[in-house]
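This is run_18.cif (mmCIF, C-alpha atoms).
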data_run
#
loop_
_atom_site.label_atom_id
_atom_site.label_comp_id
_atom_site.auth_asym_id
_atom_site.auth_seq_id
_atom_site.Cartn_x
_atom_site.Cartn_y
_atom_site.Cartn_z
CA MET C 1 197.88 116.86 25.38
CA ASN C 2 194.52 118.47 26.13
CA ASN C 3 192.23 115.65 27.33
CA LYS C 4 189.53 116.91 25.01
CA TYR C 5 191.61 115.80 22.05
CA ASN C 6 192.84 112.43 23.35
CA LYS C 7 190.23 110.55 21.32
CA THR C 8 191.19 112.58 18.24
CA ILE C 9 194.84 111.58 18.63
CA VAL C 10 193.90 107.91 19.08
CA ALA C 11 191.73 108.05 15.94
CA CYS C 12 194.65 109.60 14.03
CA PHE C 13 196.96 106.83 15.27
CA ILE C 14 194.46 104.28 13.92
CA GLY C 15 194.30 106.31 10.70
CA TYR C 16 197.97 105.60 10.13
CA ILE C 17 197.39 101.93 10.89
CA VAL C 18 194.83 102.03 8.07
CA GLN C 19 197.47 103.68 5.87
CA ALA C 20 199.83 100.80 6.71
CA ILE C 21 197.19 98.25 5.73
CA VAL C 22 196.59 100.01 2.42
CA ASN C 23 200.29 100.12 1.53
CA ASN C 24 201.51 96.79 2.85
CA PHE C 25 198.80 94.13 2.65
CA ALA C 26 198.80 93.62 -1.12
CA PRO C 27 202.64 93.32 -1.42
CA LEU C 28 202.45 90.30 0.89
CA LEU C 29 200.33 88.65 -1.81
CA PHE C 30 202.46 89.61 -4.82
CA LEU C 31 203.76 86.09 -5.47
CA THR C 32 200.26 84.68 -4.83
CA PHE C 33 198.76 87.14 -7.32
CA GLY C 34 201.45 86.16 -9.81
CA ARG C 35 200.63 82.47 -9.53
CA THR C 36 196.83 82.80 -9.26
CA TYR C 37 196.19 85.51 -11.85
CA GLN C 38 199.29 85.04 -14.07
CA ILE C 39 200.61 88.52 -13.27
CA SER C 40 204.19 89.25 -14.34
CA PHE C 41 206.96 90.81 -12.25
CA SER C 42 206.70 94.09 -14.15
CA GLN C 43 202.92 94.18 -13.61
CA LEU C 44 203.44 93.66 -9.88
CA THR C 45 205.80 96.63 -10.00
CA MET C 46 203.01 98.65 -11.61
CA LEU C 47 200.66 97.85 -8.71
CA VAL C 48 203.07 99.63 -6.37
CA THR C 49 203.48 102.50 -8.83
CA ILE C 50 199.73 102.93 -9.38
CA ASN C 51 198.99 102.76 -5.65
CA PHE C 52 201.29 105.64 -4.82
CA GLY C 53 200.59 107.36 -8.14
CA VAL C 54 196.88 107.61 -7.29
CA GLN C 55 197.76 108.77 -3.80
CA LEU C 56 199.86 111.62 -5.17
CA LEU C 57 197.06 112.58 -7.59
CA VAL C 58 194.69 112.76 -4.62
CA ASP C 59 197.30 114.87 -2.81
CA ILE C 60 197.15 117.42 -5.64
CA LEU C 61 193.36 117.49 -5.93
CA SER C 62 192.81 117.61 -2.16
CA ILE C 63 194.22 121.14 -1.97
CA LYS C 64 191.04 122.35 -3.70
CA PHE C 65 188.36 120.43 -1.82
CA ILE C 66 189.54 119.60 1.73
CA ASP C 67 189.05 123.12 3.09
CA ARG C 68 185.61 123.25 1.42
CA LEU C 69 184.44 119.86 2.67
CA GLY C 70 186.10 120.19 6.04
CA TYR C 71 188.53 117.84 7.73
CA ARG C 72 185.81 115.72 9.36
CA ILE C 73 183.96 114.75 6.17
CA SER C 74 187.25 114.24 4.34
CA MET C 75 188.50 111.91 7.08
CA VAL C 76 185.34 109.81 6.94
CA LEU C 77 185.54 109.54 3.15
CA ALA C 78 189.22 108.53 3.35
CA HIS C 79 188.40 105.57 5.59
CA LEU C 80 185.43 104.50 3.48
CA PHE C 81 187.56 104.43 0.32
CA ALA C 82 190.25 102.41 2.13
CA ALA C 83 187.68 99.86 3.27
CA GLY C 84 186.00 99.75 -0.14
CA GLY C 85 189.27 99.01 -1.92
CA LEU C 86 190.18 96.16 0.41
CA ILE C 87 186.75 94.60 0.00
CA SER C 88 186.88 95.06 -3.80
CA LEU C 89 190.17 93.18 -3.88
CA THR C 90 188.27 90.01 -2.89
CA PHE C 91 185.87 89.92 -5.84
CA LEU C 92 186.87 92.27 -8.70
CA PRO C 93 189.68 90.01 -10.03
CA GLU C 94 187.16 87.15 -10.22
CA ILE C 95 184.32 88.98 -11.97
CA MET C 96 186.33 91.06 -14.46
CA SER C 97 187.49 89.54 -17.74
CA ASN C 98 191.07 90.60 -16.98
CA SER C 99 192.05 89.63 -13.44
CA TYR C 100 194.95 92.07 -13.39
CA VAL C 101 192.59 94.96 -14.18
CA GLY C 102 190.41 93.79 -11.29
CA VAL C 103 193.33 93.88 -8.86
CA LEU C 104 194.39 97.24 -10.26
CA THR C 105 190.89 98.71 -9.83
CA ALA C 106 190.78 97.65 -6.19
CA VAL C 107 194.23 99.16 -5.63
CA ILE C 108 193.03 102.46 -7.13
CA ILE C 109 190.00 102.56 -4.80
CA TYR C 110 191.96 102.06 -1.60
CA ALA C 111 194.76 104.31 -2.88
CA ILE C 112 192.24 107.19 -2.93
CA GLY C 113 191.66 106.60 0.77
CA GLY C 114 195.38 106.30 1.41
CA GLY C 115 196.08 109.57 -0.38
CA LEU C 116 193.46 111.42 1.65
CA LEU C 117 194.82 110.00 4.91
CA GLU C 118 198.32 111.10 3.99
CA VAL C 119 197.12 114.69 3.58
CA LEU C 120 194.73 114.77 6.54
CA VAL C 121 196.22 112.90 9.51
CA SER C 122 199.39 114.94 10.11
CA PRO C 123 197.70 118.39 10.06
CA VAL C 124 194.91 117.15 12.35
CA VAL C 125 197.55 116.08 14.90
CA GLU C 126 199.54 119.28 14.32
CA ALA C 127 196.41 121.31 15.12
CA CYS C 128 195.76 119.51 18.43
CA PRO C 129 197.11 121.41 21.48
CA SER C 130 200.47 119.86 22.45
CA ASP C 131 203.64 120.90 24.31
CA ASN C 132 206.04 119.27 21.82
CA LYS C 133 204.65 118.83 18.33
CA GLU C 134 207.82 117.19 16.98
CA LYS C 135 207.46 114.39 19.53
CA ALA C 136 203.73 114.05 18.76
CA MET C 137 204.45 113.87 15.02
CA SER C 138 207.11 111.18 15.46
CA MET C 139 204.85 109.18 17.76
CA LEU C 140 202.03 109.48 15.20
CA HIS C 141 204.20 108.16 12.39
CA SER C 142 205.43 105.30 14.57
CA PHE C 143 201.89 103.93 14.40
CA TYR C 144 202.31 103.49 10.66
CA CYS C 145 205.19 101.16 11.54
CA TRP C 146 203.24 99.27 14.19
CA GLY C 147 200.42 98.94 11.68
CA HIS C 148 202.94 97.58 9.19
CA VAL C 149 204.20 95.09 11.79
CA GLY C 150 200.65 94.05 12.64
CA VAL C 151 199.73 93.57 8.98
CA VAL C 152 202.75 91.34 8.35
CA ALA C 153 202.67 89.39 11.64
CA LEU C 154 198.93 88.79 11.78
CA SER C 155 198.67 88.08 8.05
CA THR C 156 201.52 85.58 8.29
CA LEU C 157 199.88 83.91 11.28
CA PHE C 158 196.57 83.79 9.41
CA PHE C 159 198.21 82.25 6.33
CA GLN C 160 199.91 79.63 8.49
CA LEU C 161 196.78 78.66 10.40
CA VAL C 162 194.10 79.02 7.73
CA GLY C 163 196.10 78.88 4.49
CA ILE C 164 197.05 81.62 2.06
CA GLY C 165 194.26 80.44 -0.24
CA ASN C 166 191.84 82.13 2.19
CA TRP C 167 193.49 85.55 1.90
CA LYS C 168 190.15 87.10 0.86
CA VAL C 169 188.73 86.48 4.33
CA LEU C 170 191.66 88.36 5.82
CA ALA C 171 191.13 91.27 3.42
CA ILE C 172 187.57 91.63 4.75
CA ILE C 173 188.86 91.51 8.34
CA TRP C 174 191.37 94.28 7.63
CA ALA C 175 188.59 96.36 6.03
CA LEU C 176 186.74 96.44 9.37
CA ILE C 177 189.41 98.73 10.85
CA PRO C 178 188.85 101.69 8.48
CA LEU C 179 185.08 101.16 8.73
CA GLY C 180 185.24 101.46 12.52
CA ASN C 181 187.55 104.48 12.41
CA ALA C 182 185.21 106.23 9.96
CA VAL C 183 182.55 106.07 12.67
CA ALA C 184 185.05 107.45 15.22
CA PHE C 185 185.84 110.48 13.06
CA MET C 186 182.16 111.35 12.91
CA LYS C 187 182.34 112.13 16.65
CA VAL C 188 185.83 113.21 17.78
CA PRO C 189 186.68 116.94 18.14
CA ILE C 190 188.92 118.42 15.43
CA ALA C 191 190.86 121.62 16.14
CA PRO C 192 191.31 124.27 13.41
CA LEU C 193 194.67 124.13 11.64
CA LEU C 194 195.09 127.92 11.67
CA PRO C 195 193.84 130.56 14.14
CA GLU C 196 190.48 132.08 13.31
CA GLY C 197 190.77 134.84 10.74
CA GLU C 198 194.07 133.62 9.30
CA SER C 199 194.47 131.88 5.95
CA GLY C 200 197.17 129.48 4.83
CA LEU C 201 199.73 130.12 2.13
CA ARG C 202 198.61 129.57 -1.44
CA ILE C 203 200.37 127.17 -3.79
CA LYS C 204 201.99 129.97 -5.76
CA ASP C 205 203.26 131.52 -2.52
CA LEU C 206 204.86 128.24 -1.49
CA PHE C 207 206.43 127.74 -4.90
CA ARG C 208 208.21 131.10 -4.57
CA MET C 209 209.98 129.97 -1.39
CA LYS C 210 213.37 128.26 -1.80
CA LEU C 211 212.98 126.58 1.59
CA PHE C 212 209.76 124.91 0.49
CA TRP C 213 211.48 123.38 -2.55
CA VAL C 214 214.24 121.98 -0.34
CA LEU C 215 211.65 120.49 2.02
CA LEU C 216 209.64 119.08 -0.89
CA ILE C 217 212.71 117.31 -2.28
CA MET C 218 213.45 116.01 1.21
CA MET C 219 209.93 114.55 1.40
CA ILE C 220 210.37 112.86 -1.99
CA CYS C 221 213.62 111.32 -0.81
CA ALA C 222 212.13 110.31 2.56
CA GLY C 223 209.34 108.36 0.87
CA ALA C 224 211.69 106.82 -1.68
CA SER C 225 214.33 105.85 0.91
CA GLU C 226 211.68 104.06 2.96
CA GLN C 227 209.65 102.27 0.30
CA ALA C 228 212.51 101.34 -2.06
CA VAL C 229 213.51 98.68 0.48
CA SER C 230 210.21 98.11 2.33
CA GLN C 231 208.12 97.19 -0.72
CA TRP C 232 210.64 94.61 -1.93
CA ALA C 233 211.82 93.25 1.43
CA SER C 234 209.59 90.16 1.35
CA VAL C 235 210.62 89.18 -2.19
CA PHE C 236 214.26 89.96 -1.34
CA ALA C 237 214.17 87.65 1.68
CA GLU C 238 212.44 84.81 -0.16
CA ARG C 239 214.76 84.89 -3.15
CA GLY C 240 218.00 85.74 -1.35
CA LEU C 241 217.65 83.16 1.42
CA GLY C 242 215.57 80.59 -0.43
CA ILE C 243 213.07 80.46 2.43
CA THR C 244 209.29 80.08 2.55
CA LYS C 245 206.93 83.00 2.07
CA SER C 246 205.97 83.08 5.76
CA LEU C 247 209.57 83.29 6.91
CA GLY C 248 210.29 85.79 4.14
CA ASP C 249 207.55 88.11 5.38
CA LEU C 250 208.81 87.84 8.96
CA ALA C 251 212.47 88.29 8.07
CA GLY C 252 211.90 91.04 5.52
CA PRO C 253 209.12 93.66 5.84
CA MET C 254 208.28 92.89 9.46
CA MET C 255 211.81 93.41 10.77
CA PHE C 256 212.09 96.55 8.62
CA ALA C 257 208.88 97.93 10.12
CA ILE C 258 209.84 97.06 13.70
CA MET C 259 213.15 98.89 13.40
CA MET C 260 211.49 101.89 11.75
CA GLY C 261 208.85 101.98 14.48
CA LEU C 262 211.48 101.81 17.24
CA SER C 263 213.29 104.78 15.70
CA ARG C 264 210.10 106.87 15.66
CA LEU C 265 209.04 105.69 19.10
CA PHE C 266 212.47 106.63 20.49
CA TYR C 267 212.24 110.16 19.10
CA GLY C 268 208.58 110.37 20.15
CA LYS C 269 209.64 109.70 23.74
CA TYR C 270 212.96 111.58 23.94
CA GLY C 271 212.61 114.14 21.15
CA ASP C 272 212.67 117.08 23.54
CA ARG C 273 216.28 116.14 24.44
CA ILE C 274 217.52 115.42 20.91
CA ASN C 275 218.53 117.85 18.17
CA LEU C 276 216.33 116.99 15.18
CA ASP C 277 218.89 118.08 12.56
CA ARG C 278 221.63 115.96 14.11
CA PHE C 279 219.31 112.97 14.38
CA MET C 280 218.31 113.26 10.72
CA ILE C 281 221.93 113.66 9.56
CA TYR C 282 223.09 110.54 11.39
CA SER C 283 220.02 108.64 10.17
CA SER C 284 220.74 109.60 6.54
CA LEU C 285 224.35 108.40 6.85
CA LEU C 286 223.16 105.13 8.39
CA CYS C 287 220.64 104.73 5.56
CA ILE C 288 223.39 105.13 2.94
CA ALA C 289 225.49 102.52 4.77
CA SER C 290 222.53 100.10 4.93
CA TYR C 291 221.84 100.48 1.18
CA LEU C 292 225.48 99.62 0.50
CA GLY C 293 225.19 96.62 2.82
CA ILE C 294 222.04 95.33 1.12
CA SER C 295 223.60 95.70 -2.33
CA LEU C 296 227.22 94.69 -1.83
CA LEU C 297 227.45 92.21 1.05
CA PRO C 298 227.98 88.72 -0.44
CA ILE C 299 226.24 86.83 2.41
CA PRO C 300 222.40 86.93 2.12
CA GLN C 301 221.93 86.87 5.90
CA LEU C 302 224.08 90.01 6.28
CA SER C 303 222.14 91.74 3.50
CA LEU C 304 218.93 90.96 5.36
CA ILE C 305 220.37 92.49 8.55
CA ALA C 306 221.17 95.57 6.47
CA CYS C 307 217.46 95.67 5.47
CA ALA C 308 216.51 95.85 9.16
CA VAL C 309 219.11 98.57 9.79
CA CYS C 310 217.61 100.49 6.86
CA GLY C 311 214.26 100.48 8.69
CA LEU C 312 215.95 102.00 11.74
CA SER C 313 217.62 104.67 9.61
CA VAL C 314 214.56 105.88 7.69
CA GLY C 315 212.31 106.20 10.77
CA ILE C 316 212.83 109.92 11.38
CA MET C 317 212.98 111.04 7.74
CA TRP C 318 209.25 111.48 6.99
CA PRO C 319 207.99 112.85 10.37
CA GLY C 320 211.19 114.89 10.80
CA THR C 321 210.67 116.66 7.47
CA PHE C 322 207.01 117.32 8.33
CA SER C 323 208.07 118.80 11.68
CA LYS C 324 210.72 121.01 10.11
CA ALA C 325 208.19 122.32 7.59
CA ALA C 326 205.50 122.98 10.22
CA SER C 327 208.03 124.86 12.35
CA ALA C 328 209.59 126.90 9.54
CA MET C 329 206.31 127.79 7.76
CA ARG C 330 203.68 128.04 10.50
CA ASN C 331 201.04 129.47 8.15
CA GLY C 332 201.58 126.83 5.47
CA GLY C 333 198.04 125.50 5.92
CA THR C 334 196.40 122.71 3.96
CA ALA C 335 198.32 123.51 0.76
CA MET C 336 201.70 122.97 2.44
CA PHE C 337 200.72 119.66 4.04
CA ALA C 338 199.09 118.45 0.83
CA LEU C 339 202.11 119.30 -1.31
CA LEU C 340 204.49 117.69 1.17
CA ALA C 341 202.31 114.58 1.18
CA LEU C 342 202.42 114.73 -2.61
CA GLY C 343 206.20 114.81 -2.46
CA GLY C 344 206.25 111.87 -0.07
CA ASP C 345 203.98 109.84 -2.33
CA ILE C 346 206.08 110.68 -5.39
CA GLY C 347 208.99 109.20 -3.48
CA CYS C 348 206.96 106.19 -2.35
CA ALA C 349 206.03 105.50 -5.98
CA GLY C 350 209.40 106.41 -7.47
CA GLY C 351 211.65 104.54 -5.04
CA PRO C 352 210.27 100.98 -5.45
CA THR C 353 209.51 101.62 -9.13
CA LEU C 354 213.14 102.58 -9.80
CA VAL C 355 214.31 99.49 -7.90
CA GLY C 356 211.89 97.28 -9.85
CA LEU C 357 212.80 98.70 -13.27
CA ILE C 358 216.57 98.56 -12.70
CA SER C 359 216.24 95.05 -11.25
CA SER C 360 214.24 93.90 -14.30
CA ARG C 361 216.99 95.15 -16.63
CA TYR C 362 219.55 93.09 -14.70
CA GLN C 363 217.77 89.72 -14.63
CA ASP C 364 215.50 90.67 -11.66
CA ASN C 365 218.56 91.41 -9.49
CA LEU C 366 217.12 93.44 -6.59
CA LYS C 367 220.59 94.22 -5.22
CA THR C 368 221.42 96.23 -8.34
CA GLY C 369 218.15 98.15 -8.12
CA ILE C 370 218.69 99.05 -4.47
CA LEU C 371 222.27 100.15 -5.15
CA VAL C 372 221.01 102.71 -7.70
CA ALA C 373 218.36 103.93 -5.22
CA ILE C 374 221.11 105.09 -2.84
CA ILE C 375 220.70 108.48 -4.49
CA PHE C 376 217.60 109.11 -2.34
CA PRO C 377 219.14 109.08 1.17
CA ALA C 378 222.14 110.98 -0.24
CA LEU C 379 219.91 113.81 -1.51
CA LEU C 380 217.97 113.90 1.75
CA LEU C 381 221.23 114.33 3.66
CA ILE C 382 222.08 117.32 1.47
CA GLY C 383 218.63 118.80 2.14
CA VAL C 384 219.01 118.48 5.92
CA LEU C 385 222.42 120.18 5.77
CA LEU C 386 220.96 123.05 3.70
CA CYS C 387 218.11 123.55 6.21
CA LYS C 388 220.58 123.44 9.09
CA ARG C 389 222.75 126.10 7.45
CA ARG C 390 219.70 128.32 6.89
CA GLU C 391 218.65 128.04 10.54
CA GLU C 392 222.19 128.86 11.71
CA ARG C 393 222.24 131.97 9.50
CA LYS C 394 218.91 133.12 10.93
CA ARG C 395 220.24 132.68 14.47
CA VAL C 396 223.32 134.75 13.65
CA CYS C 397 221.14 137.48 12.15
CA ARG C 398 218.95 137.59 15.28
CA VAL C 399 222.01 137.86 17.51
CA CYS C 400 223.37 140.70 15.39
CA GLU C 401 220.04 142.56 15.51
CA ASN C 402 219.80 142.18 19.29
CA SER C 403 223.35 143.40 19.81
#

As structure tokens, how would this structure be written, given the file I've shared?
Amino acid sequence: MNNKYNKTIVACFIGYIVQAIVNNFAPLLFLTFGRTYQISFSQLTMLVTINFGVQLLVDILSIKFIDRLGYRISMVLAHLFAAGGLISLTFLPEIMSNSYVGVLTAVIIYAIGGGLLEVLVSPVVEACPSDNKEKAMSMLHSFYCWGHVGVVALSTLFFQLVGIGNWKVLAIIWALIPLGNAVAFMKVPIAPLLPEGESGLRIKDLFRMKLFWVLLIMMICAGASEQAVSQWASVFAERGLGITKSLGDLAGPMMFAIMMGLSRLFYGKYGDRINLDRFMIYSSLLCIASYLGISLLPIPQLSLIACAVCGLSVGIMWPGTFSKAASAMRNGGTAMFALLALGGDIGCAGGPTLVGLISSRYQDNLKTGILVAIIFPALLLIGVLLCKRREERKRVCRVCENS
């Protein structure tokens, strides 16, 4: 990496930590929200849906304004929205007549920041000079996992030492991270996404490409495969094992995030020696096996181990799909990254929502919901195989032309 851009990369890594805070702090408080504000299980499900729903709406709208505003201003705004939402979470439920609407409003504010980060961070890293962009992308996305681990571990420690009743203080502390990174993005250098004089593909150009549709579906399935288990892991651990909230957070989402981070860190370090297609195929098969384990194993402890294995299996899905798209469509530009982020957020909203809705229909049985969600890693596997076949055909054509 060019030394000039080291600070940019570090700021992007922190940007994904902010994304992890936005997506994973509130779910740790779901049962607390339920007890304190009398919020039902289905309403908690809607918080997840609205969070990612707003993010995908921002993904759509960002195609129009990011290139006009510029990546720097957009990055600063993303962090300010993330901080504002976390801070709003501490007082809006108390001052609004309907506490649930207050929580929901705060979620919408920080979801705007999360949606912008999802669109912005990956292309900023992709634009930075690097010898192996696939490794850089995987390493970048591993910081989402380490952020997730930090949110769960430090929040759990805080709740143990100070008491979960003081969660508002912790929300303010977490808000300091995006505020600090907003200042950093006012100063760091940002490389152009495309060479000077070139323009990225338009939306209608992308929609005419069969490969783009395959990659978009893969992104949807990557987000759904990850969040369908991650968002419910804490509740699953508490209910399945009958343990305390603190142990549930450690045994559920934290172990999931650690395993996902290790997968991305492994590829980030050794990616130049590993075939990406093969790694994604094996990961998809492992994900299917872990979903079956979570749903069908009769011993709760084994189901929880399957949750951790699921984290390991989904690690490469999101950054791997981004890397395949950036390599196959080098002039995709902001529109391509925004639409892929949109697809990922559709999956992030759809996966846990499907699990929650199916579970509600079967007496809040999360195992049944997760069993139905197995369709997501299965479809992603099909997408990887289709991309692999396309690349093999292109290689054969090149050999024929050269001969």

Review point. Expanded to explicit residues, what is the PyMOL selection byres ((chain C and resi 333) around 7) for this file, as a PyMOL selection string?
Key: chain C and resi 193-194+200-201+331-332+334-337

Exercise for review: Return as number ranges by chain the set of residues that the PyMOL selection byres ((chain C and resi 214) around 12) yields on the displayed structure.
Suggested key: C: 206-213, 215-221, 321, 324-325, 328, 340, 343, 379-388, 390

Practice item. Apply the PyMOL selection byres ((chain C and resi 27) around 10) to the file shown and report the selected residues as a ChimeraX atom specification. Key: /C:22-26,28-33,44-45,47-48,152,230-235,249,253

Exercise for review: For each of C:Gln227, C:Asn98, C:Thr368, C:Gln19, take the minimum atom-to-atom distance to C:Gly344, counting only C-alpha atoms, then give the residue where this is smallest.
Suggested key: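 That would be C:Gln227, the residue with the smallest distance to C:Gly344.
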
Point to revise | For C:Lys269: contacts at 12 Å, all atoms listed in the file, fewer than 5 positions along chain excluded, given as a PyMOL selection string | key: chain C and resi 132-140+142+262-264+274

Exercise for review: Work out how far apart atom CA of C:Ser74 and atom CA of C:Met46 are and give it in Å to one decimal.
Suggested key: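 Here the two named atoms are 27.3 Å from each other.
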
Exercise for review: Could you give me, as a list in words, the residues that sit within 10 Å of (181.4, 107.4, 11.7) in the file's coordinates, counting only C-alpha atoms?
Suggested key: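 Final list of nearby residues, as requested, is Arg72, Ile73, Met75, Val76, Leu77, His79, Leu80, Pro178, Leu179, Gly180, Asn181, Ala182, Val183, Ala184, Phe185, Met186, Lys187 and Val188 of chain C.
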
Review point. What separation in Å, quoted to one decimal, exists between atom CA of C:Tyr110 and atom CA of C:Ile50?
Key: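 Taking atom CA of C:Tyr110 and atom CA of C:Ile50, their separation equals 11.0 Å.
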